[in-house]
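The data block below is query.txt; it holds compact mmCIF, C-alpha atoms.
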# COMPACT_ATOMS: atom_id res chain seq x y z
CA MET A 1 134.19 71.07 97.58
CA PRO A 2 136.68 73.08 99.62
CA VAL A 3 135.32 74.77 102.72
CA GLY A 4 138.19 76.99 103.79
CA ARG A 5 138.28 79.59 106.52
CA ARG A 6 136.69 82.85 105.52
CA PRO A 7 137.68 86.37 106.49
CA ALA A 8 135.53 88.26 108.99
CA HIS A 9 132.55 90.40 107.89
CA THR A 10 131.45 88.24 104.97
CA GLY A 11 127.94 87.82 106.27
CA ARG A 12 128.86 84.51 107.90
CA ARG A 13 127.29 84.18 111.34
CA PRO A 14 128.62 82.35 114.38
CA GLY A 15 127.37 78.78 114.27
CA GLU A 16 127.02 78.62 110.49
CA SER A 17 129.63 76.13 109.41
CA GLY A 18 130.39 74.06 106.37
CA ALA A 19 128.99 74.41 102.90
CA ARG A 20 125.55 75.55 104.08
CA GLY A 21 127.14 78.48 105.94
CA ASP A 22 129.28 79.30 102.93
CA ILE A 23 126.21 79.37 100.73
CA LEU A 24 124.27 81.64 103.11
CA ALA A 25 127.19 84.06 103.42
CA ALA A 26 127.61 84.13 99.64
CA ALA A 27 123.87 84.64 99.19
CA ARG A 28 123.86 87.63 101.56
CA THR A 29 126.71 89.27 99.68
CA ASP A 30 125.11 88.56 96.32
CA PHE A 31 121.61 89.76 97.28
CA ALA A 32 123.19 92.86 98.88
CA GLU A 33 125.22 93.70 95.76
CA ASN A 34 122.76 92.72 93.07
CA GLY A 35 119.30 92.64 94.62
CA TYR A 36 116.93 89.69 94.37
CA ASP A 37 116.26 89.91 90.65
CA ARG A 38 119.85 89.99 89.44
CA ALA A 39 121.09 87.39 91.94
CA THR A 40 121.21 83.81 90.62
CA ILE A 41 121.66 80.44 92.29
CA ARG A 42 124.49 79.78 89.85
CA GLY A 43 126.24 83.02 90.80
CA ILE A 44 125.81 82.39 94.51
CA ALA A 45 127.12 78.83 94.12
CA ALA A 46 130.20 80.14 92.31
CA ARG A 47 130.81 82.72 95.04
CA ALA A 48 130.51 80.02 97.71
CA ASP A 49 132.71 77.70 95.66
CA VAL A 50 130.13 74.90 95.62
CA ASP A 51 128.11 73.12 92.93
CA PRO A 52 124.71 74.78 92.13
CA ALA A 53 123.09 71.36 92.77
CA LEU A 54 124.15 71.65 96.41
CA VAL A 55 122.41 75.03 96.71
CA HIS A 56 119.22 73.44 95.34
CA HIS A 57 119.68 70.51 97.72
CA TYR A 58 119.82 72.76 100.79
CA PHE A 59 117.38 75.52 99.80
CA GLU A 60 115.36 74.28 96.79
CA THR A 61 114.46 77.73 95.38
CA LYS A 62 115.93 81.23 95.25
CA GLU A 63 113.02 82.45 97.39
CA HIS A 64 113.79 79.91 100.14
CA LEU A 65 117.48 80.75 99.94
CA PHE A 66 116.61 84.44 100.32
CA GLU A 67 114.40 83.71 103.32
CA ALA A 68 117.21 81.79 105.00
CA ALA A 69 119.80 84.44 104.11
CA VAL A 70 117.86 87.33 105.64
CA GLU A 71 116.78 85.44 108.74
CA LEU A 72 117.37 87.76 111.67
CA PRO A 73 120.77 87.43 113.36
CA VAL A 74 119.00 87.34 116.73
CA SER A 75 115.79 85.37 117.08
CA PRO A 76 112.75 87.44 118.10
CA ALA A 77 111.72 84.46 120.27
CA GLU A 78 114.83 85.20 122.35
CA PHE A 79 114.87 88.99 122.55
CA LEU A 80 111.15 89.77 122.66
CA PRO A 81 110.03 88.07 125.91
CA PRO A 82 112.33 90.10 128.22
CA ILE A 83 111.28 93.34 126.51
CA LEU A 84 107.59 92.45 126.70
CA ALA A 85 107.98 91.46 130.35
CA GLY A 86 109.39 94.92 131.12
CA GLU A 87 107.65 98.25 131.62
CA ARG A 88 104.99 98.78 128.92
CA ALA A 89 105.84 102.46 128.49
CA ARG A 90 109.46 101.57 127.62
CA ILE A 91 108.82 98.92 124.97
CA GLY A 92 109.36 101.33 122.06
CA GLU A 93 112.73 102.48 123.32
CA GLU A 94 113.87 98.95 124.19
CA VAL A 95 112.90 97.53 120.80
CA THR A 96 114.68 100.45 119.10
CA ARG A 97 117.81 99.92 121.19
CA ARG A 98 117.78 96.21 120.36
CA PHE A 99 117.30 96.91 116.66
CA LEU A 100 120.21 99.37 116.59
CA THR A 101 122.45 97.08 118.62
CA VAL A 102 121.98 94.25 116.13
CA TRP A 103 122.85 96.40 113.11
CA GLU A 104 125.81 98.06 114.84
CA GLU A 105 127.61 94.73 114.34
CA PRO A 106 129.44 95.01 111.02
CA HIS A 107 129.02 91.29 110.31
CA ASN A 108 125.22 91.73 110.39
CA ARG A 109 125.16 94.56 107.85
CA PRO A 110 125.09 92.31 104.74
CA ILE A 111 121.80 90.85 105.96
CA PHE A 112 120.21 94.27 106.09
CA LEU A 113 121.68 95.30 102.74
CA ALA A 114 120.47 92.06 101.18
CA MET A 115 116.94 92.80 102.44
CA LEU A 116 117.01 96.40 101.31
CA ARG A 117 118.39 95.93 97.79
CA SER A 118 116.03 93.03 97.26
CA VAL A 119 112.94 94.90 98.42
CA LEU A 120 113.91 97.55 95.88
CA SER A 121 114.07 95.07 93.05
CA ASN A 122 111.46 92.39 93.63
CA GLU A 123 107.94 91.83 94.91
CA GLN A 124 108.59 88.35 96.28
CA ALA A 125 111.48 89.70 98.31
CA ALA A 126 109.31 92.54 99.60
CA GLU A 127 106.75 89.95 100.69
CA VAL A 128 109.41 87.97 102.57
CA VAL A 129 110.50 91.10 104.42
CA ARG A 130 106.87 91.99 105.17
CA ARG A 131 106.24 88.54 106.66
CA LEU A 132 109.40 88.88 108.73
CA LEU A 133 108.38 92.28 110.09
CA VAL A 134 104.75 91.46 110.67
CA LYS A 135 104.79 87.80 111.70
CA GLU A 136 108.05 87.54 113.59
CA ILE A 137 108.58 90.91 115.20
CA PHE A 138 105.78 93.42 115.41
CA GLY A 139 102.88 90.98 115.13
CA PRO A 140 103.87 89.14 118.32
CA ILE A 141 104.46 92.48 120.04
CA ALA A 142 101.05 93.85 119.04
CA THR A 143 99.41 90.56 120.07
CA ALA A 144 101.17 90.58 123.44
CA LEU A 145 100.10 94.19 123.96
CA GLY A 146 96.52 93.44 122.95
CA VAL A 147 96.19 96.28 120.42
CA PRO A 148 94.12 96.25 117.21
CA ASP A 149 95.44 96.98 113.68
CA ALA A 150 98.52 94.86 114.38
CA GLU A 151 99.61 94.69 110.72
CA LEU A 152 99.35 98.43 110.12
CA ARG A 153 101.25 99.07 113.37
CA ALA A 154 103.87 96.52 112.37
CA THR A 155 104.47 98.13 108.99
CA LEU A 156 104.53 101.67 110.40
CA ALA A 157 107.17 100.66 112.94
CA GLY A 158 109.02 98.76 110.22
CA SER A 159 109.01 101.83 107.97
CA GLN A 160 110.71 103.90 110.68
CA PHE A 161 113.33 101.22 111.35
CA ILE A 162 114.08 100.66 107.66
CA GLY A 163 114.44 104.39 106.98
CA LEU A 164 116.63 104.84 110.05
CA ALA A 165 118.94 101.97 109.11
CA LEU A 166 119.05 103.13 105.50
CA MET A 167 120.17 106.63 106.45
CA ARG A 168 122.48 105.60 109.30
CA TYR A 169 124.21 102.48 107.96
CA VAL A 170 123.90 102.70 104.19
CA GLY A 171 123.78 106.40 103.30
CA ARG A 172 125.79 107.30 106.45
CA VAL A 173 123.85 110.56 106.55
CA GLU A 174 125.06 112.86 109.33
CA PRO A 175 124.31 113.56 112.13
CA LEU A 176 122.29 110.31 112.24
CA ALA A 177 125.30 108.21 111.30
CA SER A 178 127.43 109.31 114.27
CA ALA A 179 124.72 109.59 116.94
CA ASP A 180 125.15 107.07 119.74
CA VAL A 181 122.72 104.20 120.19
CA SER A 182 121.25 105.54 123.44
CA SER A 183 120.48 108.98 122.03
CA LEU A 184 118.87 107.45 118.97
CA ALA A 185 116.85 104.97 121.05
CA ALA A 186 115.61 107.95 123.10
CA ALA A 187 114.78 109.95 119.95
CA VAL A 188 113.10 107.16 117.96
CA GLY A 189 111.72 105.04 120.84
CA PRO A 190 108.58 107.19 121.38
CA THR A 191 107.77 106.86 117.66
CA ILE A 192 107.84 103.06 117.89
CA GLN A 193 105.97 103.21 121.21
CA ARG A 194 103.13 105.18 119.66
CA TYR A 195 102.95 102.99 116.55
CA LEU A 196 102.78 99.89 118.75
CA THR A 197 100.57 101.03 121.62
CA GLY A 198 99.19 104.50 120.90
CA GLU A 199 96.64 106.27 118.79
CA ILE A 200 97.53 105.89 115.13
CA GLY A 201 94.54 107.35 113.34
CA ALA A 202 92.65 110.40 114.54
CA ARG A 203 89.73 109.40 112.31
CA GLN A 204 89.51 105.88 113.75
CA GLY A 205 89.34 106.96 117.39
CA ALA A 206 91.86 106.43 120.18
CA VAL A 207 93.43 103.03 120.70
CA GLY A 208 94.82 103.71 124.16
CA ALA A 209 98.49 103.82 125.15
CA MET B 1 119.36 115.50 67.53
CA PRO B 2 115.73 114.38 67.41
CA VAL B 3 113.58 115.47 70.31
CA GLY B 4 110.40 113.48 69.81
CA ARG B 5 107.35 113.22 72.00
CA ARG B 6 107.78 110.89 74.91
CA PRO B 7 105.21 108.64 76.57
CA ALA B 8 103.81 109.59 79.97
CA HIS B 9 105.43 108.45 83.24
CA THR B 10 109.02 108.64 82.06
CA GLY B 11 110.13 111.01 84.77
CA ARG B 12 109.54 114.03 82.53
CA ARG B 13 107.96 116.88 84.44
CA PRO B 14 105.58 119.51 83.16
CA GLY B 15 107.60 122.46 81.95
CA GLU B 16 110.71 120.46 81.09
CA SER B 17 110.95 120.68 77.35
CA GLY B 18 113.53 120.03 74.69
CA ALA B 19 116.82 118.22 75.01
CA ARG B 20 117.43 119.32 78.60
CA GLY B 21 114.11 117.80 79.66
CA ASP B 22 114.89 114.62 77.73
CA ILE B 23 118.23 114.34 79.49
CA LEU B 24 116.71 114.83 82.95
CA ALA B 25 113.99 112.25 82.30
CA ALA B 26 116.58 109.78 81.00
CA ALA B 27 118.82 110.47 84.01
CA ARG B 28 115.96 109.74 86.45
CA THR B 29 115.22 106.43 84.78
CA ASP B 30 118.88 105.50 84.64
CA PHE B 31 119.68 106.45 88.25
CA ALA B 32 116.50 104.62 89.36
CA GLU B 33 117.42 101.44 87.49
CA ASN B 34 121.15 101.40 88.01
CA GLY B 35 121.96 103.62 90.99
CA TYR B 36 124.51 106.42 90.92
CA ASP B 37 127.59 104.26 90.55
CA ARG B 38 126.47 102.21 87.55
CA ALA B 39 124.82 105.15 85.76
CA THR B 40 127.03 106.89 83.18
CA ILE B 41 126.73 110.14 81.26
CA ARG B 42 127.22 108.14 78.06
CA GLY B 43 124.38 105.76 78.94
CA ILE B 44 122.06 108.60 79.90
CA ALA B 45 122.88 110.45 76.68
CA ALA B 46 122.06 107.32 74.66
CA ARG B 47 118.76 106.91 76.50
CA ALA B 48 117.88 110.57 75.82
CA ASP B 49 119.03 110.21 72.21
CA VAL B 50 121.48 113.11 72.48
CA ASP B 51 125.25 113.47 72.20
CA PRO B 52 127.15 113.01 75.51
CA ALA B 53 128.78 116.41 74.87
CA LEU B 54 125.36 118.02 75.23
CA VAL B 55 124.91 116.40 78.65
CA HIS B 56 128.28 117.85 79.71
CA HIS B 57 127.27 121.20 78.25
CA TYR B 58 124.08 121.39 80.32
CA PHE B 59 125.21 119.67 83.55
CA GLU B 60 129.04 119.46 83.51
CA THR B 61 129.37 116.47 85.86
CA LYS B 62 127.42 113.36 86.85
CA GLU B 63 126.98 114.82 90.34
CA HIS B 64 125.39 118.01 88.99
CA LEU B 65 123.19 115.97 86.67
CA PHE B 66 122.08 113.86 89.64
CA GLU B 67 121.31 116.98 91.68
CA ALA B 68 119.15 118.35 88.87
CA ALA B 69 117.45 114.99 88.28
CA VAL B 70 116.37 114.54 91.90
CA GLU B 71 115.29 118.15 92.42
CA LEU B 72 111.94 118.04 94.16
CA PRO B 73 108.89 118.11 91.89
CA VAL B 74 107.39 120.81 94.09
CA SER B 75 109.62 123.54 95.42
CA PRO B 76 109.81 123.79 99.23
CA ALA B 77 109.80 127.56 98.81
CA GLU B 78 106.25 127.18 97.48
CA PHE B 79 104.73 124.57 99.77
CA LEU B 80 106.43 125.39 103.07
CA PRO B 81 105.21 128.96 103.78
CA PRO B 82 101.47 128.07 103.89
CA ILE B 83 102.21 125.08 106.16
CA LEU B 84 104.42 127.14 108.46
CA ALA B 85 101.80 129.91 108.57
CA GLY B 86 99.22 127.39 109.81
CA GLU B 87 98.61 125.93 113.25
CA ARG B 88 101.93 124.87 114.83
CA ALA B 89 100.49 121.67 116.27
CA ARG B 90 99.45 120.48 112.79
CA ILE B 91 102.73 121.04 110.96
CA GLY B 92 103.76 117.37 111.21
CA GLU B 93 100.53 116.12 109.69
CA GLU B 94 100.49 118.77 106.97
CA VAL B 95 104.11 118.10 105.92
CA THR B 96 103.35 114.36 105.86
CA ARG B 97 100.23 114.87 103.77
CA ARG B 98 102.19 117.07 101.35
CA PHE B 99 104.99 114.50 101.11
CA LEU B 100 102.55 111.67 100.37
CA THR B 101 100.59 113.74 97.87
CA VAL B 102 103.73 114.44 95.85
CA TRP B 103 104.76 110.77 95.66
CA GLU B 104 101.22 109.59 94.90
CA GLU B 105 101.76 111.02 91.42
CA PRO B 106 103.13 108.18 89.30
CA HIS B 107 105.22 110.57 87.17
CA ASN B 108 107.10 111.66 90.31
CA ARG B 109 108.07 108.13 91.37
CA PRO B 110 111.22 107.89 89.22
CA ILE B 111 112.67 110.83 91.15
CA PHE B 112 112.24 109.01 94.44
CA LEU B 113 113.57 105.73 93.03
CA ALA B 114 116.57 107.56 91.57
CA MET B 115 117.34 109.02 95.01
CA LEU B 116 116.87 105.74 96.80
CA ARG B 117 118.90 103.46 94.52
CA SER B 118 121.64 106.08 94.40
CA VAL B 119 121.83 106.52 98.17
CA LEU B 120 122.26 102.75 98.33
CA SER B 121 125.19 102.78 95.95
CA ASN B 122 127.15 105.96 96.48
CA GLU B 123 128.36 108.38 99.12
CA GLN B 124 128.21 111.48 96.91
CA ALA B 125 124.58 110.71 96.10
CA ALA B 126 123.81 110.22 99.80
CA GLU B 127 125.34 113.63 100.47
CA VAL B 128 123.16 115.24 97.78
CA VAL B 129 120.05 113.73 99.35
CA ARG B 130 121.18 114.83 102.81
CA ARG B 131 121.62 118.40 101.62
CA LEU B 132 118.19 118.28 100.03
CA LEU B 133 116.54 117.03 103.22
CA VAL B 134 118.43 119.25 105.61
CA LYS B 135 118.92 122.47 103.67
CA GLU B 136 115.78 122.64 101.57
CA ILE B 137 113.08 121.02 103.64
CA PHE B 138 113.60 120.34 107.30
CA GLY B 139 116.27 122.94 107.95
CA PRO B 140 113.97 125.84 106.97
CA ILE B 141 111.17 124.25 109.01
CA ALA B 142 113.34 123.88 112.11
CA THR B 143 114.63 127.43 111.67
CA ALA B 144 111.11 128.82 111.27
CA LEU B 145 110.03 126.91 114.39
CA GLY B 146 113.04 128.12 116.36
CA VAL B 147 114.12 124.68 117.61
CA PRO B 148 117.70 123.52 118.25
CA ASP B 149 119.36 120.41 116.74
CA ALA B 150 117.88 121.23 113.35
CA GLU B 151 120.09 118.77 111.43
CA LEU B 152 119.35 115.82 113.72
CA ARG B 153 115.63 116.65 113.56
CA ALA B 154 115.82 116.94 109.77
CA THR B 155 117.47 113.54 109.36
CA LEU B 156 115.11 111.83 111.83
CA ALA B 157 112.08 113.15 109.94
CA GLY B 158 113.78 112.23 106.67
CA SER B 159 114.39 108.68 107.90
CA GLN B 160 110.67 108.22 108.60
CA PHE B 161 109.67 109.62 105.23
CA ILE B 162 112.21 107.54 103.31
CA GLY B 163 111.20 104.32 105.10
CA LEU B 164 107.52 105.07 104.56
CA ALA B 165 107.94 105.75 100.84
CA LEU B 166 110.20 102.72 100.47
CA MET B 167 107.61 100.37 101.99
CA ARG B 168 104.56 102.01 100.41
CA TYR B 169 105.69 102.84 96.88
CA VAL B 170 108.62 100.52 96.20
CA GLY B 171 108.05 97.37 98.28
CA ARG B 172 104.26 97.92 98.17
CA VAL B 173 104.09 96.33 101.61
CA GLU B 174 100.51 95.92 102.85
CA PRO B 175 98.57 97.35 104.61
CA LEU B 176 100.78 100.46 104.21
CA ALA B 177 100.54 100.36 100.42
CA SER B 178 96.74 100.58 100.30
CA ALA B 179 96.15 102.94 103.24
CA ASP B 180 94.68 106.27 102.15
CA VAL B 181 96.72 109.46 102.37
CA SER B 182 94.61 110.97 105.17
CA SER B 183 94.89 107.93 107.43
CA LEU B 184 98.64 107.76 106.89
CA ALA B 185 99.07 111.49 107.48
CA ALA B 186 97.17 111.04 110.77
CA ALA B 187 99.30 108.01 111.73
CA VAL B 188 102.72 109.41 110.78
CA GLY B 189 102.07 113.14 111.33
CA PRO B 190 102.65 113.04 115.11
CA THR B 191 106.03 111.34 114.52
CA ILE B 192 107.14 114.17 112.24
CA GLN B 193 105.62 116.72 114.65
CA ARG B 194 107.69 115.38 117.55
CA TYR B 195 110.89 115.16 115.50
CA LEU B 196 110.43 118.76 114.36
CA THR B 197 109.10 120.45 117.49
CA GLY B 198 109.19 118.02 120.42
CA GLU B 199 111.58 116.40 122.82
CA ILE B 200 113.96 114.16 120.92
CA GLY B 201 116.47 113.12 123.55
CA ALA B 202 115.53 112.29 127.12
CA ARG B 203 119.16 112.72 128.15
CA GLN B 204 119.45 116.19 126.60
CA GLY B 205 116.43 117.68 128.35
CA ALA B 206 113.15 118.81 126.88
CA VAL B 207 113.11 121.02 123.81
CA GLY B 208 109.50 122.10 124.11
CA ALA B 209 106.70 121.31 121.67
Encoded form using structure tokens:
Amino acid sequence: MPVGRRPAHTGRRPGESGARGDILAAARTDFAENGYDRATIRGIAARADVDPALVHHYFETKEHLFEAAVELPVSPAEFLPPILAGERARIGEEVTRRFLTVWEEPHNRPIFLAMLRSVLSNEQAAEVVRRLLVKEIFGPIATALGVPDAELRATLAGSQFIGLALMRYVGRVEPLASADVSSLAAAVGPTIQRYLTGEIGARQGAVGA
Amino acid sequence: MPVGRRPAHTGRRPGESGARGDILAAARTDFAENGYDRATIRGIAARADVDPALVHHYFETKEHLFEAAVELPVSPAEFLPPILAGERARIGEEVTRRFLTVWEEPHNRPIFLAMLRSVLSNEQAAEVVRRLLVKEIFGPIATALGVPDAELRATLAGSQFIGLALMRYVGRVEPLASADVSSLAAAVGPTIQRYLTGEIGARQGAVGA
């Protein structure tokens, strides 16, 4: 199978080479355009110019392929420790800045679109995204901060990030779309800070910031 | 053209009768399933069992039909005045509770899905949703509260609401999906309160809550 050079911004990340990288890039584009339900291994194989058997060889199922395709472009294990080691009161703003910085990169956009369209079309895909948000990002943060209700906090913070990215990068709704990263991190950071460390339910009593 | 009785939960609202109501209900379903770009006046007419000429007669263009289809199920002119007349510090929670209460109704869901899928697929649709958020909901609130940066505030609040509804009603991501309306209004209300009345940019100075 030919593995030619690909143009920029196809969802291919640095370090992903060969047929496996081609398949992941094709999967991102396909999930982003069609959503999880309409995407097929056959269609993704055709887009990557490989045999469907090779897709099954690398990823076994569509769900596993989706998981690999929407893996975060920057590993939380790398970016979380420095943020968590910093000032506790600034964690919300720093996580927001990091989130925005990742999606500012045009070659990362297909990952987000693939997540979003797929969440809209399929329960399995929604579950993958939930696991990603809760287990890999906000769960570790909540655990490190020692707060209760980690899963609810994780999904509240995730809901703000998903809505922000949807309006800024997909809908390009102004003035959100043109605001600079620092202003947005300052505007949205306190929201994330409260969801992660603050009081999130008047009826359940204070959690302590 | 036959205008038969329709089953519940088709996107038909109380008070929408006859062919016009059939067309709007069909448009909501079609925009929700296909997004703005893939939806066609011909397809919507077929779904409503009317002639495409009648759709043009009532709505002229696809954009106008979309605007009518995603019109809010409850008019802001009705629900805003009592909220704005209440305690200023509780406006965020009350708007959040109202927002959740509207989308709890299963027959209103197609409107939200139509908005969401269409924002994902088309700039014109995104602009319609932006106008709705800014001009009809958060703009009047910001004006009534006398705060600056009304459009940025409107889109920030809108981003939280859209992400929340996306994760709760579309992705059904737990524990957000099963949380009760009051708990969620308490958790998300302060976010909306700060976006509408608080300081939203450390670098631009305080706005005053």
Near A:Thr101, within 10 Å and counting all atoms listed in the file, which residues show up once chain neighbours fewer than 6 positions away are dropped, as an NGL selection string? :A and (95 or 181-182 or 185)
Show me, as an NGL selection string, the residues of chain A whose atoms get within 8 Å of chain B, using only C-alpha atoms for the distance check. :A and (117 or 119-120 or 122-123 or 126-127 or 130 or 151-152 or 155-156 or 158-164 or 166-167 or 170-176 or 183-184 or 186-188 or 191 or 195 or 199-203)
Within 12 Å of (122.1, 93.5, 116.1) (coordinates as in the file), grab all the protein and nucleic acid residues, counting all atoms listed in the file, and write them out as a ChimeraX atom specification. /A:13,72-76,79,95-112,165,181
In Å to one decimal, how far is atom CA of A:Tyr58 from atom CA of A:Arg20? 7.2 Å
In file coordinates, which residues lie within 9 Å of (120.4, 80.9, 90.7) using only C-alpha atoms, given as a PyMOL selection string? chain A and resi 39-45+52+55-56+61-62
In Å to one decimal, how far is atom CA of A:Asp37 from atom CA of A:Ala25?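 Separation of atom CA of A:Ala25 and atom CA of A:Asp37: 17.8 Å.
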For a test of reading the model, state the distance in Å between atom CA of A:Gly139 and atom CA of A:Tyr36, rounded to one decimal. 25.1 Å
Taking only C-alpha atoms into account, which of A:Pro82, A:Phe59, A:Val70, A:Ala142 comes nearest A:Thr29?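 Ranked by minimum distance to A:Thr29, first place goes to A:Val70.
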Give the answer as one residue: which of B:Ile141, B:Ala69, B:Ala53, B:Ile91 has the shortest atom-to-atom distance to B:Asp22, using only C-alpha atoms?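 Among the listed residues, B:Ala69 lies closest to B:Asp22.
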Near-A:Val147 list (8 Å; all atoms listed in the file; drop same-chain fewer than 2 positions) as an MDAnalysis selection string: chainID A and resid 142:143 145 149:150 196:197 207
Mind rebuilding stretch 131-144 of chain B with N, CA, C and O atoms and writing that out as a PDB file, in the frame of the given file?
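Printed below is out_25.pdb as written:
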ATOM      1  N   ARG B 131     121.735 116.947 101.788  1.00  0.00           N
ATOM      2  CA  ARG B 131     121.620 118.400 101.620  1.00  0.00           C
ATOM      3  C   ARG B 131     120.193 118.802 101.300  1.00  0.00           C
ATOM      4  O   ARG B 131     119.674 119.787 101.816  1.00  0.00           O
ATOM      5  N   LEU B 132     119.568 118.007 100.438  1.00  0.00           N
ATOM      6  CA  LEU B 132     118.190 118.280 100.030  1.00  0.00           C
ATOM      7  C   LEU B 132     117.269 118.248 101.247  1.00  0.00           C
ATOM      8  O   LEU B 132     116.456 119.160 101.470  1.00  0.00           O
ATOM      9  N   LEU B 133     117.383 117.187 102.036  1.00  0.00           N
ATOM     10  CA  LEU B 133     116.540 117.030 103.220  1.00  0.00           C
ATOM     11  C   LEU B 133     116.783 118.123 104.233  1.00  0.00           C
ATOM     12  O   LEU B 133     115.852 118.741 104.751  1.00  0.00           O
ATOM     13  N   VAL B 134     118.075 118.355 104.518  1.00  0.00           N
ATOM     14  CA  VAL B 134     118.430 119.250 105.610  1.00  0.00           C
ATOM     15  C   VAL B 134     118.277 120.706 105.189  1.00  0.00           C
ATOM     16  O   VAL B 134     117.644 121.506 105.861  1.00  0.00           O
ATOM     17  N   LYS B 135     118.869 121.055 104.042  1.00  0.00           N
ATOM     18  CA  LYS B 135     118.920 122.470 103.670  1.00  0.00           C
ATOM     19  C   LYS B 135     117.618 122.982 103.074  1.00  0.00           C
ATOM     20  O   LYS B 135     117.245 124.122 103.278  1.00  0.00           O
ATOM     21  N   GLU B 136     116.944 122.122 102.300  1.00  0.00           N
ATOM     22  CA  GLU B 136     115.780 122.640 101.570  1.00  0.00           C
ATOM     23  C   GLU B 136     114.461 122.393 102.266  1.00  0.00           C
ATOM     24  O   GLU B 136     113.502 123.116 102.055  1.00  0.00           O
ATOM     25  N   ILE B 137     114.374 121.333 103.056  1.00  0.00           N
ATOM     26  CA  ILE B 137     113.080 121.020 103.640  1.00  0.00           C
ATOM     27  C   ILE B 137     113.062 121.218 105.152  1.00  0.00           C
ATOM     28  O   ILE B 137     112.477 122.148 105.674  1.00  0.00           O
ATOM     29  N   PHE B 138     113.770 120.333 105.861  1.00  0.00           N
ATOM     30  CA  PHE B 138     113.600 120.340 107.300  1.00  0.00           C
ATOM     31  C   PHE B 138     114.403 121.421 108.002  1.00  0.00           C
ATOM     32  O   PHE B 138     114.029 121.877 109.078  1.00  0.00           O
ATOM     33  N   GLY B 139     115.498 121.841 107.373  1.00  0.00           N
ATOM     34  CA  GLY B 139     116.270 122.940 107.950  1.00  0.00           C
ATOM     35  C   GLY B 139     115.423 124.206 108.050  1.00  0.00           C
ATOM     36  O   GLY B 139     115.270 124.780 109.138  1.00  0.00           O
ATOM     37  N   PRO B 140     114.833 124.646 106.918  1.00  0.00           N
ATOM     38  CA  PRO B 140     113.970 125.840 106.970  1.00  0.00           C
ATOM     39  C   PRO B 140     112.815 125.687 107.961  1.00  0.00           C
ATOM     40  O   PRO B 140     112.445 126.657 108.624  1.00  0.00           O
ATOM     41  N   ILE B 141     112.266 124.451 108.058  1.00  0.00           N
ATOM     42  CA  ILE B 141     111.170 124.250 109.010  1.00  0.00           C
ATOM     43  C   ILE B 141     111.671 124.441 110.433  1.00  0.00           C
ATOM     44  O   ILE B 141     111.081 125.188 111.219  1.00  0.00           O
ATOM     45  N   ALA B 142     112.806 123.779 110.748  1.00  0.00           N
ATOM     46  CA  ALA B 142     113.340 123.880 112.110  1.00  0.00           C
ATOM     47  C   ALA B 142     113.706 125.324 112.430  1.00  0.00           C
ATOM     48  O   ALA B 142     113.474 125.807 113.551  1.00  0.00           O
ATOM     49  N   THR B 143     114.264 126.030 111.455  1.00  0.00           N
ATOM     50  CA  THR B 143     114.630 127.430 111.670  1.00  0.00           C
ATOM     51  C   THR B 143     113.370 128.270 111.932  1.00  0.00           C
ATOM     52  O   THR B 143     113.327 129.056 112.883  1.00  0.00           O
ATOM     53  N   ALA B 144     112.354 128.059 111.099  1.00  0.00           N
ATOM     54  CA  ALA B 144     111.110 128.820 111.270  1.00  0.00           C
ATOM     55  C   ALA B 144     110.471 128.523 112.625  1.00  0.00           C
ATOM     56  O   ALA B 144     109.844 129.394 113.226  1.00  0.00           O
TER      57      ALA B 144
END
